[in-house]
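S.K.: So I've got this file, start-v8.cif, and it contains mmCIF, C-alpha atoms:
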data_model
#
loop_
_atom_site.label_atom_id
_atom_site.label_comp_id
_atom_site.auth_asym_id
_atom_site.auth_seq_id
_atom_site.Cartn_x
_atom_site.Cartn_y
_atom_site.Cartn_z
CA ASN A 1 2.35 -28.25 2.58
CA VAL A 2 0.86 -26.07 -0.16
CA LYS A 3 -2.86 -26.22 -0.93
CA VAL A 4 -3.59 -26.32 -4.66
CA THR A 5 -6.98 -26.13 -6.41
CA PHE A 6 -7.82 -28.25 -9.47
CA THR A 7 -10.72 -27.63 -11.86
CA LEU A 8 -12.16 -30.66 -13.70
CA ASN A 9 -14.02 -29.99 -16.95
CA LEU A 10 -16.43 -32.83 -17.84
CA PHE A 11 -18.49 -30.85 -20.34
CA ASP A 12 -16.05 -30.88 -23.26
CA VAL A 13 -14.14 -33.72 -24.89
CA PRO A 14 -11.29 -34.26 -24.30
CA TYR A 15 -11.85 -33.82 -20.56
CA THR A 16 -9.31 -31.55 -18.88
CA LEU A 17 -7.93 -31.04 -15.38
CA THR A 18 -6.53 -27.58 -14.67
CA GLU A 19 -4.29 -26.69 -11.74
CA ALA A 20 -5.11 -23.26 -10.29
CA GLY A 21 -1.85 -22.94 -8.35
CA PRO A 22 -1.13 -21.86 -4.78
CA ALA A 23 -2.99 -18.90 -3.31
CA PRO A 24 -1.34 -15.47 -3.16
CA THR A 25 -0.28 -14.16 0.25
CA LEU A 26 -0.33 -10.46 -0.70
CA LEU A 27 -2.43 -8.51 -3.19
CA HIS A 28 -1.99 -4.85 -4.12
CA ILE A 29 -5.13 -2.70 -4.42
CA ILE A 30 -4.59 -0.54 -7.49
CA GLY A 31 -7.30 1.86 -8.62
CA GLY A 32 -8.61 5.32 -9.19
CA TYR A 33 -8.15 6.29 -5.55
CA GLN A 34 -4.37 6.40 -6.10
CA GLY A 35 -4.16 7.16 -9.81
CA TRP A 36 -4.01 3.59 -11.15
CA SER A 37 -0.25 3.58 -10.59
CA HIS A 38 1.60 0.58 -9.18
CA ASP A 39 4.37 2.97 -8.13
CA ALA A 40 2.06 5.17 -6.05
CA ALA A 41 1.19 4.47 -2.41
CA HIS A 42 -1.61 1.93 -2.20
CA SER A 43 -3.48 -0.37 0.16
CA THR A 44 -2.94 -4.12 0.36
CA ILE A 45 -4.68 -7.26 1.54
CA LYS A 46 -2.61 -10.00 3.11
CA GLY A 47 -3.04 -13.50 4.52
CA GLU A 48 -2.27 -17.19 4.40
CA ASN A 49 -4.10 -20.38 3.43
CA GLY A 50 -6.04 -18.54 0.76
CA VAL A 51 -7.77 -15.96 3.00
CA LEU A 52 -6.50 -12.39 2.56
CA THR A 53 -7.74 -9.48 4.65
CA GLY A 54 -7.18 -5.77 4.94
CA TYR A 55 -8.61 -2.29 5.33
CA PHE A 56 -9.41 0.02 2.44
CA TYR A 57 -10.54 3.65 2.41
CA MET A 58 -12.48 4.94 -0.59
CA PRO A 59 -12.26 8.75 -0.50
CA ASP A 60 -15.19 9.94 -2.62
CA ASP A 61 -17.83 9.16 -5.22
CA ALA A 62 -15.59 10.00 -8.18
CA LYS A 63 -12.91 7.55 -7.09
CA ALA A 64 -15.57 4.96 -6.22
CA ALA A 65 -16.86 5.18 -9.79
CA GLU A 66 -13.38 4.28 -11.11
CA GLY A 67 -13.08 1.24 -8.83
CA PHE A 68 -9.95 -0.87 -8.36
CA LYS A 69 -8.37 -4.27 -8.97
CA PHE A 70 -6.32 -6.71 -6.89
CA CYS A 71 -2.87 -7.28 -8.41
CA THR A 72 -0.28 -9.93 -7.57
CA ASP A 73 2.58 -7.82 -8.97
CA LEU A 74 3.59 -4.18 -9.03
CA ASN A 75 2.71 -4.04 -12.73
CA TRP A 76 -0.07 -5.37 -14.99
CA ASP A 77 1.96 -8.44 -16.04
CA GLY A 78 0.91 -10.60 -13.08
CA ILE A 79 -2.54 -11.91 -12.15
CA ASN A 80 -5.15 -9.16 -11.82
CA TYR A 81 -8.53 -9.71 -10.17
CA GLY A 82 -11.60 -7.79 -11.27
CA MET A 83 -15.35 -8.40 -11.03
CA THR A 84 -17.83 -9.64 -13.61
CA ALA A 85 -21.17 -7.97 -14.24
CA ASP A 86 -22.88 -10.53 -12.00
CA GLY A 87 -20.53 -9.83 -9.08
CA VAL A 88 -18.06 -12.71 -9.40
CA ILE A 89 -14.33 -12.18 -8.81
CA SER A 90 -12.48 -13.00 -12.03
CA THR A 91 -8.97 -12.90 -13.50
CA ASP A 92 -10.37 -12.59 -17.02
CA GLY A 93 -8.92 -9.56 -18.81
CA GLY A 94 -12.43 -8.43 -19.69
CA ALA A 95 -13.65 -8.38 -16.09
CA GLY A 96 -14.71 -4.99 -14.78
CA ASN A 97 -13.32 -3.14 -11.81
CA ILE A 98 -14.27 -3.85 -8.20
CA SER A 99 -16.16 -0.97 -6.61
CA LEU A 100 -17.03 0.14 -3.09
CA GLU A 101 -18.95 3.14 -1.81
CA PRO A 102 -16.96 5.98 -0.17
CA GLY A 103 -15.75 5.23 3.36
CA LEU A 104 -13.64 2.72 5.27
CA TRP A 105 -14.02 -0.99 4.55
CA TYR A 106 -12.71 -4.28 5.92
CA ILE A 107 -12.06 -6.69 3.06
CA VAL A 108 -11.90 -10.50 3.17
CA PHE A 109 -10.95 -12.27 -0.07
CA ASP A 110 -11.19 -16.07 0.00
CA TYR A 111 -9.10 -17.29 -2.90
CA TYR A 112 -10.26 -20.90 -2.89
CA ALA A 113 -13.96 -20.08 -2.47
CA ASN A 114 -13.52 -17.11 -4.84
CA THR A 115 -15.60 -14.86 -2.59
CA LEU A 116 -15.17 -11.24 -1.58
CA THR A 117 -16.72 -10.07 1.69
CA THR A 118 -16.73 -6.39 2.60
CA THR A 119 -17.77 -4.82 5.91
CA ALA A 120 -18.42 -1.07 6.20
CA ILE A 121 -16.48 0.47 9.10
CA THR A 122 -18.40 3.37 10.63
CA LYS A 123 -16.36 3.76 13.82
CA VAL A 124 -12.66 3.37 14.64
CA GLY A 125 -11.81 3.44 18.32
CA LEU A 126 -9.51 2.57 21.18
CA ILE A 127 -10.78 0.68 24.21
CA GLY A 128 -9.02 -0.59 27.31
CA ASN A 129 -8.38 -0.39 31.05
CA GLY A 130 -9.50 2.62 33.07
CA ASP A 131 -11.88 5.48 32.42
CA VAL A 132 -9.56 7.19 29.90
CA PHE A 133 -9.92 4.14 27.62
CA GLY A 134 -13.59 3.56 28.32
CA ALA A 135 -13.09 0.78 30.89
CA TRP A 136 -13.48 -1.90 28.19
CA SER A 137 -17.07 -0.81 27.56
CA THR A 138 -17.01 2.46 25.59
CA ASP A 139 -14.73 3.21 22.65
CA VAL A 140 -12.65 6.38 22.44
CA GLU A 141 -13.36 7.35 18.84
CA MET A 142 -10.56 8.15 16.41
CA ALA A 143 -10.82 10.67 13.54
CA TYR A 144 -9.51 10.27 10.00
CA ASP A 145 -6.77 12.62 8.73
CA ALA A 146 -6.84 12.62 4.93
CA ALA A 147 -3.45 14.35 4.68
CA THR A 148 -1.62 11.54 6.49
CA GLN A 149 -4.15 8.77 5.77
CA THR A 150 -4.15 7.85 9.45
CA TRP A 151 -6.71 7.67 12.26
CA ASN A 152 -5.92 9.77 15.33
CA VAL A 153 -7.08 10.65 18.84
CA THR A 154 -5.53 12.54 21.77
CA ILE A 155 -6.22 11.18 25.26
CA GLU A 156 -5.39 12.91 28.55
CA ASP A 157 -4.22 11.34 31.83
CA VAL A 158 -3.00 8.16 30.16
CA PRO A 159 -1.21 5.83 32.62
CA ALA A 160 1.90 3.97 31.46
CA ASP A 161 1.70 0.21 30.94
CA ASN A 162 -2.07 0.35 30.48
CA GLU A 163 -3.72 -2.33 28.33
CA TYR A 164 -5.87 -1.40 25.32
CA LYS A 165 -6.87 -2.48 21.82
CA VAL A 166 -8.06 -1.04 18.53
CA ARG A 167 -11.55 -2.08 17.53
CA PHE A 168 -14.06 -1.23 14.85
CA ASN A 169 -17.82 -0.57 14.80
CA ALA A 170 -17.86 -0.68 18.64
CA ASN A 171 -17.80 -4.47 18.76
CA TRP A 172 -15.22 -7.25 18.82
CA ASP A 173 -15.85 -8.78 15.40
CA ILE A 174 -12.99 -6.77 13.91
CA ASN A 175 -10.16 -5.67 16.22
CA LEU A 176 -6.40 -5.20 16.18
CA GLY A 177 -3.74 -5.98 18.76
CA GLY A 178 -0.42 -7.75 19.21
CA ASP A 179 2.65 -5.76 18.19
CA VAL A 180 2.33 -1.97 17.71
CA THR A 181 4.62 -2.26 14.66
CA ASN A 182 2.60 -5.09 13.09
CA LEU A 183 -1.01 -5.09 14.33
CA THR A 184 -3.02 -8.23 13.65
CA GLN A 185 -6.68 -9.21 13.76
CA GLY A 186 -7.55 -10.54 17.24
CA GLY A 187 -4.01 -9.97 18.55
CA ASP A 188 -3.16 -9.67 22.25
CA ASN A 189 -3.83 -6.50 24.22
CA LEU A 190 -1.49 -3.60 23.56
CA LYS A 191 0.22 -1.63 26.35
CA THR A 192 0.77 2.11 26.59
CA VAL A 193 4.35 3.35 26.81
CA LYS A 194 3.90 7.08 27.24
CA SER A 195 1.84 8.65 30.04
CA GLY A 196 0.00 11.94 30.43
CA THR A 197 -1.47 13.51 27.30
CA VAL A 198 -0.83 11.15 24.39
CA THR A 199 -1.83 11.24 20.73
CA TYR A 200 -2.41 7.85 19.10
CA SER A 201 -1.93 7.58 15.34
CA LEU A 202 -3.22 4.44 13.59
CA ASN A 203 -2.01 3.40 10.15
CA ILE A 204 -4.29 0.89 8.41
CA PHE A 205 -3.63 2.21 4.90
CA ALA A 206 -1.20 -0.60 4.04
CA HIS A 207 0.56 -3.51 5.73
CA PRO A 208 2.13 -3.64 8.22
CA TYR A 209 -0.54 -1.90 10.31
CA THR A 210 0.89 0.24 13.11
CA ILE A 211 -0.11 2.48 16.00
CA VAL A 212 2.23 5.22 17.22
CA GLU A 213 2.19 7.18 20.48
CA LYS A 214 3.13 10.85 20.21
#
Since I need it in another form, could you write the structure as C-alpha cells?
M.R.:
Amino acid sequence: NVKVTFTLNLFDVPYTLTEAGPAPTLLHIIGGYQGWSHDAAHSTIKGENGVLTGYFYMPDDAKAAEGFKFCTDLNWDGINYGMTADGVISTDGGAGNISLEPGLWYIVFDYYANTLTTTAITKVGLIGNGDVFGAWSTDVEMAYDAATQTWNVTIEDVPADNEYKVRFNANWDINLGGDVTNLTQGGDNLKTVKSGTVTYSLNIFAHPYTIVEK
C-alpha cells in the first residue's frame, strides 16, 4: 500500500482536491558545502513511510551561510525542498535555502507532517563489551577527518568477536548498528572481526553508512 496525501481547498470556488503524491524515499542534500553540484559527492537522507533521516556535516560559517536544499533528482528538474522565511519547508521555487550552523547534525524530515527536526551531534563514539569499549558505560570518542570525511579512532587490545555499537552524544537516542556495510538506526550490536590494535573508520557522509576495521 502507498500512503498519499490530499489537500482540500474550501476557501476558493470552485473547491479543489489536490493529490500530493507518495513520499520520497531518498533526498539528495545539495548546497554550498559541496559546490551546489548534483554531480559532486553529497550527503543524503533516506527512509520509508514519509520519514527520512540522515547525518549531515556543515564544515564552516561560509558554507552555512550558503545553505542547502533537498532534491529528489540529481538535477534541478525534480522536486526541490527549501525553507520559507518563517521556517516552513516548501517546494515553492521562491523558497530560500535551508541552513544549519557548522558541525555534525542528525536530520529527520517528516514528509507528511512537513516538519524538519535537527539534532546537533557533539560526540561520536563507540561503546561495547569490555574495558577497551567502555564496558557499555563510557564511549570511546571518534575524531573527524576532513580529508576523508570519516570519523576514526584507534583502539588497542581489541578482542575478536566482541560486541559494540556506534552512538552519538553519549546516549542511546541516536545510535547505529546492524550490518557494518549498511548501518541503521537502532540496529543490532556489531561484532569485531580483527583483534589487537584496530582502527575504526565510520562513514556517515552518505548512505549506505559503513564502519571499517583497519
S.K.: Taking the file as shown, find all residues satisfying the PyMOL selection byres ((chain A and resi 188-192) around 6) and write them as a PyMOL selection string.
M.R.: chain A and resi 160-165+177-178+187+193-194
S.K.: Could the residues in this selection be written to a file with C-alpha atoms, as a PDB file, in the frame of the given file?
M.R.:
ATOM      1  CA  ALA A 160       1.900   3.970  31.460  1.00  0.00           C
ATOM      2  CA  ASP A 161       1.700   0.210  30.940  1.00  0.00           C
ATOM      3  CA  ASN A 162      -2.070   0.350  30.480  1.00  0.00           C
ATOM      4  CA  GLU A 163      -3.720  -2.330  28.330  1.00  0.00           C
ATOM      5  CA  TYR A 164      -5.870  -1.400  25.320  1.00  0.00           C
ATOM      6  CA  LYS A 165      -6.870  -2.480  21.820  1.00  0.00           C
ATOM      7  CA  GLY A 177      -3.740  -5.980  18.760  1.00  0.00           C
ATOM      8  CA  GLY A 178      -0.420  -7.750  19.210  1.00  0.00           C
ATOM      9  CA  GLY A 187      -4.010  -9.970  18.550  1.00  0.00           C
ATOM     10  CA  VAL A 193       4.350   3.350  26.810  1.00  0.00           C
ATOM     11  CA  LYS A 194       3.900   7.080  27.240  1.00  0.00           C
TER      12      LYS A 194
END
S.K.: Applying 9 Å and all atoms listed in the file, which residues near Tyr209 (chain A) remain after dropping the ones on its own chain fewer than 6 positions away? List them as an MDAnalysis selection string.
M.R.: chainID A and resid 176 180:184 202:203
S.K.: List every protein, DNA or RNA residue that has at least one atom no more than 10 Å from (-16.3, 4.7, -3.9) in the file's coordinates, counting all atoms listed in the file, and write the result as a list of chain:residue names.
M.R.: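 Result, sorted by chain then residue number: A:Gly32, A:Tyr33, A:Tyr57, A:Met58, A:Pro59, A:Asp60, A:Asp61, A:Ala62, A:Lys63, A:Ala64, A:Ala65, A:Glu66, A:Gly67, A:Phe68, A:Ile98, A:Ser99, A:Leu100, A:Glu101, A:Pro102, A:Gly103, A:Leu104.
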S.K.: Hey, which of A:Trp76, A:Trp172, A:Tyr55, A:Trp36 ends up closest to Thr117 (chain A)? Count all atoms listed in the file.
M.R.: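 Once distances to Thr117 (chain A) are computed over all atoms listed in the file, the minimum belongs to A:Tyr55.
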S.K.: If you measure from CA of Thr122 (chain A) to CA of Gly196 (chain A), what distance in Å do you get, rounded to one decimal?
M.R.: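 Going from CA of Thr122 (chain A) over to CA of Gly196 (chain A) covers 28.4 Å.
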S.K.: Need the shell around Asn97 (chain A): protein/DNA/RNA residues with any atom at most 10 Å away, counting only C-alpha atoms. Skip same-chain ones fewer than 6 positions apart. Format as a list in words?
M.R.: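 Counting only C-alpha atoms, the residues come to Gly31, Ala65, Glu66, Gly67, Phe68, Lys69, Phe70, Tyr81, Gly82, Met83, Thr84, Ala85, Ile89 and Ser90 of chain A.
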S.K.: Would you mind listing what lies within 12 Å of Gly47 (chain A) as a list in words, with only C-alpha atoms counted and same-chain residues fewer than 6 positions away left out?
M.R.: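 Answer for this query is Ala23, Pro24, Thr25, Leu26, Leu27, Thr53, Gly54, Ile107, Val108, Phe109, Asp110, Tyr111, Thr184, Gln185, His207 and Pro208 of chain A.
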S.K.: List, as a count of residues only, every residue that the PyMOL selection byres ((chain A and resi 168) around 10) selects in the file provided.
M.R.: 20
S.K.: Work out how far apart CA of Leu116 (chain A) and CA of Val140 (chain A) are and give it in Å to one decimal.
M.R.: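 Between CA of Leu116 (chain A) and CA of Val140 (chain A) the gap works out to 29.9 Å.
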S.K.: To one decimal place in Å, what is the distance between CA of Trp151 (chain A) and CA of Leu52 (chain A)?
M.R.: 22.3 Å
S.K.: Draw an axis-aligned box tight on the listed atoms of region 150-166 of chain A, then pad every side by 4 Å and write out centre and edge lengths in Å to one decimal as lines of an AutoDock Vina configuration file.
M.R.:
center_x = -3.1
center_y = 5.2
center_z = 21.0
size_x = 18.0
size_y = 23.4
size_z = 31.2
S.K.: As a PDB file, in the frame of the given file, could you write out region 177-195 of chain A once it has been completed with N, CA, C and O atoms?
M.R.:
ATOM      1  N   GLY A 177      -4.602  -5.974  17.586  1.00  0.00           N
ATOM      2  CA  GLY A 177      -3.740  -5.980  18.760  1.00  0.00           C
ATOM      3  C   GLY A 177      -2.414  -6.611  18.411  1.00  0.00           C
ATOM      4  O   GLY A 177      -2.027  -6.687  17.244  1.00  0.00           O
ATOM      5  N   GLY A 178      -1.704  -7.086  19.445  1.00  0.00           N
ATOM      6  CA  GLY A 178      -0.420  -7.750  19.210  1.00  0.00           C
ATOM      7  C   GLY A 178       0.751  -6.815  19.338  1.00  0.00           C
ATOM      8  O   GLY A 178       1.005  -6.250  20.391  1.00  0.00           O
ATOM      9  N   ASP A 179       1.457  -6.594  18.239  1.00  0.00           N
ATOM     10  CA  ASP A 179       2.650  -5.760  18.190  1.00  0.00           C
ATOM     11  C   ASP A 179       2.299  -4.411  17.572  1.00  0.00           C
ATOM     12  O   ASP A 179       1.689  -4.366  16.500  1.00  0.00           O
ATOM     13  N   VAL A 180       2.691  -3.300  18.222  1.00  0.00           N
ATOM     14  CA  VAL A 180       2.330  -1.970  17.710  1.00  0.00           C
ATOM     15  C   VAL A 180       2.944  -1.694  16.344  1.00  0.00           C
ATOM     16  O   VAL A 180       2.487  -0.802  15.620  1.00  0.00           O
ATOM     17  N   THR A 181       3.995  -2.446  15.959  1.00  0.00           N
ATOM     18  CA  THR A 181       4.620  -2.260  14.660  1.00  0.00           C
ATOM     19  C   THR A 181       4.089  -3.236  13.605  1.00  0.00           C
ATOM     20  O   THR A 181       4.476  -3.169  12.443  1.00  0.00           O
ATOM     21  N   ASN A 182       3.188  -4.127  14.027  1.00  0.00           N
ATOM     22  CA  ASN A 182       2.600  -5.090  13.090  1.00  0.00           C
ATOM     23  C   ASN A 182       1.291  -5.607  13.684  1.00  0.00           C
ATOM     24  O   ASN A 182       1.190  -6.765  14.100  1.00  0.00           O
ATOM     25  N   LEU A 183       0.276  -4.746  13.722  1.00  0.00           N
ATOM     26  CA  LEU A 183      -1.010  -5.090  14.330  1.00  0.00           C
ATOM     27  C   LEU A 183      -1.691  -6.206  13.545  1.00  0.00           C
ATOM     28  O   LEU A 183      -1.657  -6.234  12.315  1.00  0.00           O
ATOM     29  N   THR A 184      -2.340  -7.108  14.287  1.00  0.00           N
ATOM     30  CA  THR A 184      -3.020  -8.230  13.650  1.00  0.00           C
ATOM     31  C   THR A 184      -4.430  -8.389  14.202  1.00  0.00           C
ATOM     32  O   THR A 184      -4.714  -8.035  15.356  1.00  0.00           O
ATOM     33  N   GLN A 185      -5.309  -8.949  13.367  1.00  0.00           N
ATOM     34  CA  GLN A 185      -6.680  -9.210  13.760  1.00  0.00           C
ATOM     35  C   GLN A 185      -6.711 -10.142  14.977  1.00  0.00           C
ATOM     36  O   GLN A 185      -6.095 -11.223  14.969  1.00  0.00           O
ATOM     37  N   GLY A 186      -7.398  -9.723  16.052  1.00  0.00           N
ATOM     38  CA  GLY A 186      -7.550 -10.540  17.240  1.00  0.00           C
ATOM     39  C   GLY A 186      -6.295 -10.698  18.061  1.00  0.00           C
ATOM     40  O   GLY A 186      -6.237 -11.568  18.936  1.00  0.00           O
ATOM     41  N   GLY A 187      -5.269  -9.864  17.817  1.00  0.00           N
ATOM     42  CA  GLY A 187      -4.010  -9.970  18.550  1.00  0.00           C
ATOM     43  C   GLY A 187      -4.172  -9.636  20.027  1.00  0.00           C
ATOM     44  O   GLY A 187      -5.202  -9.121  20.470  1.00  0.00           O
ATOM     45  N   ASP A 188      -3.138  -9.928  20.808  1.00  0.00           N
ATOM     46  CA  ASP A 188      -3.160  -9.670  22.250  1.00  0.00           C
ATOM     47  C   ASP A 188      -3.316  -8.192  22.546  1.00  0.00           C
ATOM     48  O   ASP A 188      -3.085  -7.328  21.687  1.00  0.00           O
ATOM     49  N   ASN A 189      -3.696  -7.885  23.792  1.00  0.00           N
ATOM     50  CA  ASN A 189      -3.830  -6.500  24.220  1.00  0.00           C
ATOM     51  C   ASN A 189      -2.510  -5.751  24.037  1.00  0.00           C
ATOM     52  O   ASN A 189      -1.425  -6.298  24.259  1.00  0.00           O
ATOM     53  N   LEU A 190      -2.638  -4.488  23.651  1.00  0.00           N
ATOM     54  CA  LEU A 190      -1.490  -3.600  23.560  1.00  0.00           C
ATOM     55  C   LEU A 190      -1.249  -2.955  24.915  1.00  0.00           C
ATOM     56  O   LEU A 190      -2.128  -2.976  25.777  1.00  0.00           O
ATOM     57  N   LYS A 191      -0.068  -2.352  25.111  1.00  0.00           N
ATOM     58  CA  LYS A 191       0.220  -1.630  26.350  1.00  0.00           C
ATOM     59  C   LYS A 191       0.771  -0.247  26.042  1.00  0.00           C
ATOM     60  O   LYS A 191       1.603  -0.092  25.146  1.00  0.00           O
ATOM     61  N   THR A 192       0.274   0.752  26.766  1.00  0.00           N
ATOM     62  CA  THR A 192       0.770   2.110  26.590  1.00  0.00           C
ATOM     63  C   THR A 192       2.221   2.194  27.054  1.00  0.00           C
ATOM     64  O   THR A 192       2.640   1.498  27.982  1.00  0.00           O
ATOM     65  N   VAL A 193       2.969   3.068  26.405  1.00  0.00           N
ATOM     66  CA  VAL A 193       4.350   3.350  26.810  1.00  0.00           C
ATOM     67  C   VAL A 193       4.436   4.729  27.428  1.00  0.00           C
ATOM     68  O   VAL A 193       4.968   4.910  28.519  1.00  0.00           O
ATOM     69  N   LYS A 194       3.903   5.719  26.726  1.00  0.00           N
ATOM     70  CA  LYS A 194       3.900   7.080  27.240  1.00  0.00           C
ATOM     71  C   LYS A 194       2.782   7.272  28.254  1.00  0.00           C
ATOM     72  O   LYS A 194       1.811   6.504  28.289  1.00  0.00           O
ATOM     73  N   SER A 195       2.884   8.305  29.073  1.00  0.00           N
ATOM     74  CA  SER A 195       1.840   8.650  30.040  1.00  0.00           C
ATOM     75  C   SER A 195       1.523  10.133  29.910  1.00  0.00           C
ATOM     76  O   SER A 195       2.255  10.890  29.256  1.00  0.00           O
TER      77      SER A 195
END
